[in-house]
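**Q** After the structure tokens below, expect a handful of questions from me.
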Amino acid sequence: MLRELARQAGLLRPAILWDPIAPAGEPLALDADRWIYPASTIKSPLAAAALLLAARGLCRLDQRRPVREENRTLNDASSPIEPGYPASLEELCRYAVDRSDNIATNELFDRLGREVATAIVRQDLGLSATAFHRKLSGSDPLIADPQWDGEHRNSHSVRDAARLFRLIAERAFPGAERLEQWLADQHWNDKLSLGLAPGDRFAHKTGDTSEVTHDGGILTTADGGRFAIVVYTEMPSTPEHNARFGTFMQLLRNEAIGDRA
């Protein structure tokens, strides 16, 4: 079903997972374990890592530190932070998620430690295919990242992304409610959001490069239904390609939910 709906919507080389949370249902998956560069979808588990580390007392969300010049890079929207600004860890998480801010994300790499962040989301959240390897760049050339091993790229599979959204919806870890609010305040709403029905709410995170375009999150329908939906594609992020996500969401809602919502 997912393959056919993706074909109708014009999604190219998609990986998809649809997971009914409430009422509970059988998940539907299409190539959900295939490696595709996650782009900015990696920011959601990175924020989750910060919340988990804070809950363990290993860092403080209110702790402020000047943003480092070497983390400056371009963003699709103007950045609310600049090098030298004393950003709190909570601000960095929020801006990384709700604005997809690359500077905030790169600061999180430094403050959390990429190996530490990888270990905690794997151990505490079961995100076995998620890893933080390289800082993000808003354009070519890529920013200098001396701690990168020169080989591995960030990873966050469709299956892991859907699992994280389910855990957030179920409030399964400290800070999950806060993370869902950041996702709900999403600045970028030009993909799956275009296919929502009246009364729907969608807390989500997008990812974009010249090679991929993604979207995924927690869909809450007017009658209280809750669903995790994640769609990755190997299409360049363009307005035309992104609009196809809205068509897919509309088709999927009609097929999987129908008149119930």
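Residue names in the structure tokens use chain letters A, B, ... in the order shown, residue numbers from 1 in each chain, and ligand numbers from 1 in the order shown.
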Pick out each residue of segment 65-190 of chain A that DSSP on the backbone tags as strand (DSSP E or B); I need them as a VMD selection string.
**A** chain A and resid 65 to 66 86 to 88 130 to 131 155 to 156
**Q** Dump C-alpha atoms for the selected residues as a compact mmCIF listing (two decimals), in the first residue's frame?
**A**
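Dumped to out-v3.txt:
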# COMPACT_ATOMS: atom_id res chain seq x y z
CA ARG A 65 28.11 29.27 27.15
CA PRO A 66 29.19 31.51 24.25
CA PRO A 86 25.68 32.93 25.53
CA ALA A 87 23.18 30.23 24.54
CA SER A 88 21.68 27.82 27.04
CA THR A 130 21.39 6.34 14.89
CA ALA A 131 24.83 7.94 15.19
CA SER A 155 22.73 8.13 10.52
CA HIS A 156 19.11 8.05 11.69
**Q** Give me the residues within 12 Å of segment 180-186 of chain A as a VMD selection string, counting only C-alpha atoms and dropping any in the same chain fewer than 3 places off.
**A** chain A and resid 41 43 to 45 47 to 48 90 to 101 164 to 177 189 to 191 193 200 to 206 215 to 220
**Q** Generate a file of the selected residues that holds N, CA and C atoms, formatted as a short mmCIF file (atom, residue, chain, number, x, y, z; two decimals), in the first residue's frame.
**A**
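As written to disk, out.cif reads:
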data_model
loop_
_atom_site.label_atom_id
_atom_site.label_comp_id
_atom_site.auth_asym_id
_atom_site.auth_seq_id
_atom_site.Cartn_x
_atom_site.Cartn_y
_atom_site.Cartn_z
N THR A 41 16.94 15.67 9.94
CA THR A 41 16.17 14.84 10.86
C THR A 41 17.03 14.34 12.02
N LYS A 43 18.54 16.05 14.01
CA LYS A 43 18.47 17.02 15.10
C LYS A 43 17.51 16.59 16.20
N SER A 44 16.48 15.84 15.87
CA SER A 44 15.54 15.38 16.90
C SER A 44 16.19 14.43 17.89
N PRO A 45 16.89 13.37 17.45
CA PRO A 45 17.56 12.52 18.44
C PRO A 45 18.69 13.23 19.16
N ALA A 47 18.61 16.38 20.18
CA ALA A 47 17.93 17.07 21.28
C ALA A 47 17.49 16.08 22.35
N ALA A 48 17.03 14.90 21.93
CA ALA A 48 16.64 13.87 22.90
C ALA A 48 17.84 13.47 23.75
N GLU A 90 19.17 24.43 26.53
CA GLU A 90 17.76 24.32 26.13
C GLU A 90 17.49 25.13 24.87
N GLU A 91 18.04 26.33 24.79
CA GLU A 91 17.87 27.14 23.59
C GLU A 91 18.42 26.43 22.37
N LEU A 92 19.59 25.86 22.51
CA LEU A 92 20.20 25.16 21.38
C LEU A 92 19.32 24.02 20.90
N CYS A 93 18.76 23.25 21.83
CA CYS A 93 17.87 22.14 21.46
C CYS A 93 16.63 22.66 20.74
N ARG A 94 16.03 23.69 21.30
CA ARG A 94 14.79 24.22 20.72
C ARG A 94 15.03 24.76 19.32
N TYR A 95 16.09 25.54 19.14
CA TYR A 95 16.35 26.12 17.83
C TYR A 95 16.76 25.04 16.81
N ALA A 96 17.48 24.03 17.27
CA ALA A 96 17.86 22.94 16.36
C ALA A 96 16.63 22.21 15.84
N VAL A 97 15.60 22.10 16.69
CA VAL A 97 14.40 21.35 16.31
C VAL A 97 13.37 22.24 15.62
N ASP A 98 12.96 23.34 16.26
CA ASP A 98 11.83 24.08 15.70
C ASP A 98 12.22 25.00 14.54
N ARG A 99 13.49 25.38 14.43
CA ARG A 99 13.96 26.19 13.31
C ARG A 99 14.96 25.46 12.42
N SER A 100 15.35 24.27 12.83
CA SER A 100 16.35 23.48 12.12
C SER A 100 17.66 24.26 12.00
N ASP A 101 18.05 24.90 13.08
CA ASP A 101 19.21 25.79 13.07
C ASP A 101 20.51 24.98 13.10
N LEU A 164 11.48 6.92 17.70
CA LEU A 164 11.64 8.10 18.55
C LEU A 164 10.32 8.87 18.67
N PHE A 165 9.60 9.04 17.57
CA PHE A 165 8.33 9.75 17.65
C PHE A 165 7.32 9.00 18.51
N ARG A 166 7.29 7.69 18.43
CA ARG A 166 6.40 6.92 19.31
C ARG A 166 6.78 7.12 20.77
N LEU A 167 8.07 7.05 21.08
CA LEU A 167 8.52 7.24 22.46
C LEU A 167 8.17 8.63 22.97
N ILE A 168 8.28 9.62 22.10
CA ILE A 168 7.89 10.98 22.49
C ILE A 168 6.40 11.02 22.78
N ALA A 169 5.60 10.46 21.89
CA ALA A 169 4.14 10.48 22.06
C ALA A 169 3.72 9.75 23.33
N GLU A 170 4.44 8.71 23.69
CA GLU A 170 4.11 7.92 24.88
C GLU A 170 4.76 8.48 26.15
N ARG A 171 5.50 9.60 26.02
CA ARG A 171 6.18 10.21 27.17
C ARG A 171 7.08 9.19 27.86
N ALA A 172 7.84 8.47 27.04
CA ALA A 172 8.61 7.32 27.53
C ALA A 172 9.98 7.70 28.07
N PHE A 173 10.36 8.96 28.02
CA PHE A 173 11.65 9.37 28.57
C PHE A 173 11.56 10.81 29.07
N PRO A 174 12.44 11.20 29.98
CA PRO A 174 12.39 12.55 30.55
C PRO A 174 12.57 13.61 29.45
N GLY A 175 11.68 14.60 29.45
CA GLY A 175 11.75 15.67 28.48
C GLY A 175 10.98 15.42 27.20
N ALA A 176 10.32 14.27 27.09
CA ALA A 176 9.60 13.94 25.86
C ALA A 176 8.51 14.97 25.54
N GLU A 177 7.81 15.42 26.57
CA GLU A 177 6.74 16.41 26.34
C GLU A 177 7.32 17.71 25.81
N ASN A 189 6.89 23.94 7.22
CA ASN A 189 5.65 23.18 7.09
C ASN A 189 5.22 23.06 5.63
N ASP A 190 6.18 22.70 4.77
CA ASP A 190 5.91 22.66 3.33
C ASP A 190 5.94 21.25 2.75
N LYS A 191 5.78 20.24 3.62
CA LYS A 191 5.82 18.86 3.13
C LYS A 191 4.57 18.11 3.59
N SER A 193 2.80 18.40 6.10
CA SER A 193 1.80 19.31 6.67
C SER A 193 0.78 19.77 5.63
N ASP A 200 -6.32 18.42 12.43
CA ASP A 200 -5.08 17.70 12.64
C ASP A 200 -4.03 18.59 13.28
N ARG A 201 -3.15 17.98 14.07
CA ARG A 201 -1.94 18.64 14.57
C ARG A 201 -0.76 17.75 14.24
N PHE A 202 0.33 18.36 13.82
CA PHE A 202 1.48 17.59 13.37
C PHE A 202 2.75 18.16 13.99
N ALA A 203 3.36 17.40 14.90
CA ALA A 203 4.62 17.77 15.54
C ALA A 203 5.72 17.01 14.80
N HIS A 204 6.61 17.73 14.10
CA HIS A 204 7.44 17.02 13.12
C HIS A 204 8.78 17.71 12.90
N LYS A 205 9.64 17.01 12.13
CA LYS A 205 10.96 17.52 11.77
C LYS A 205 11.25 17.15 10.33
N THR A 206 11.73 18.13 9.58
CA THR A 206 12.07 17.93 8.18
C THR A 206 13.58 17.76 8.02
N ASP A 215 10.53 14.15 5.82
CA ASP A 215 9.65 14.72 6.84
C ASP A 215 9.13 13.57 7.70
N GLY A 216 8.87 13.86 8.96
CA GLY A 216 8.31 12.84 9.84
C GLY A 216 7.93 13.43 11.18
N GLY A 217 6.96 12.80 11.83
CA GLY A 217 6.56 13.31 13.13
C GLY A 217 5.38 12.56 13.71
N ILE A 218 4.68 13.24 14.60
CA ILE A 218 3.53 12.69 15.32
C ILE A 218 2.28 13.40 14.83
N LEU A 219 1.40 12.65 14.19
CA LEU A 219 0.12 13.17 13.73
C LEU A 219 -0.93 12.91 14.80
N THR A 220 -1.60 13.97 15.23
CA THR A 220 -2.73 13.86 16.16
C THR A 220 -3.98 14.34 15.44
#
**Q** Using only C-alpha atoms for the distances, tell me which of A:Arg253, A:Arg153, A:His214, A:Arg34 is nearest to Thr238 of chain A.
**A** A:His214
**Q** Give the alpha helix (DSSP H) residues of segment 55-254 of chain A, as DSSP finds them on the backbone, and put them as a VMD selection string.
**A** chain A and resid 55 89 to 98 102 to 112 114 to 125 158 to 169 176 to 184 239 to 254
**Q** What's the separation between atom CA of Ala29 of chain A and atom CA of Leu2 of chain A, in Å to one decimal place?
**A** 7.5 Å
**Q** Could you check the closest approach to Phe227 of chain A for each of A:Leu46, A:Ala22, A:Ala104, A:Leu11 and tell me which residue wins, using only C-alpha atoms?
**A** A:Ala22
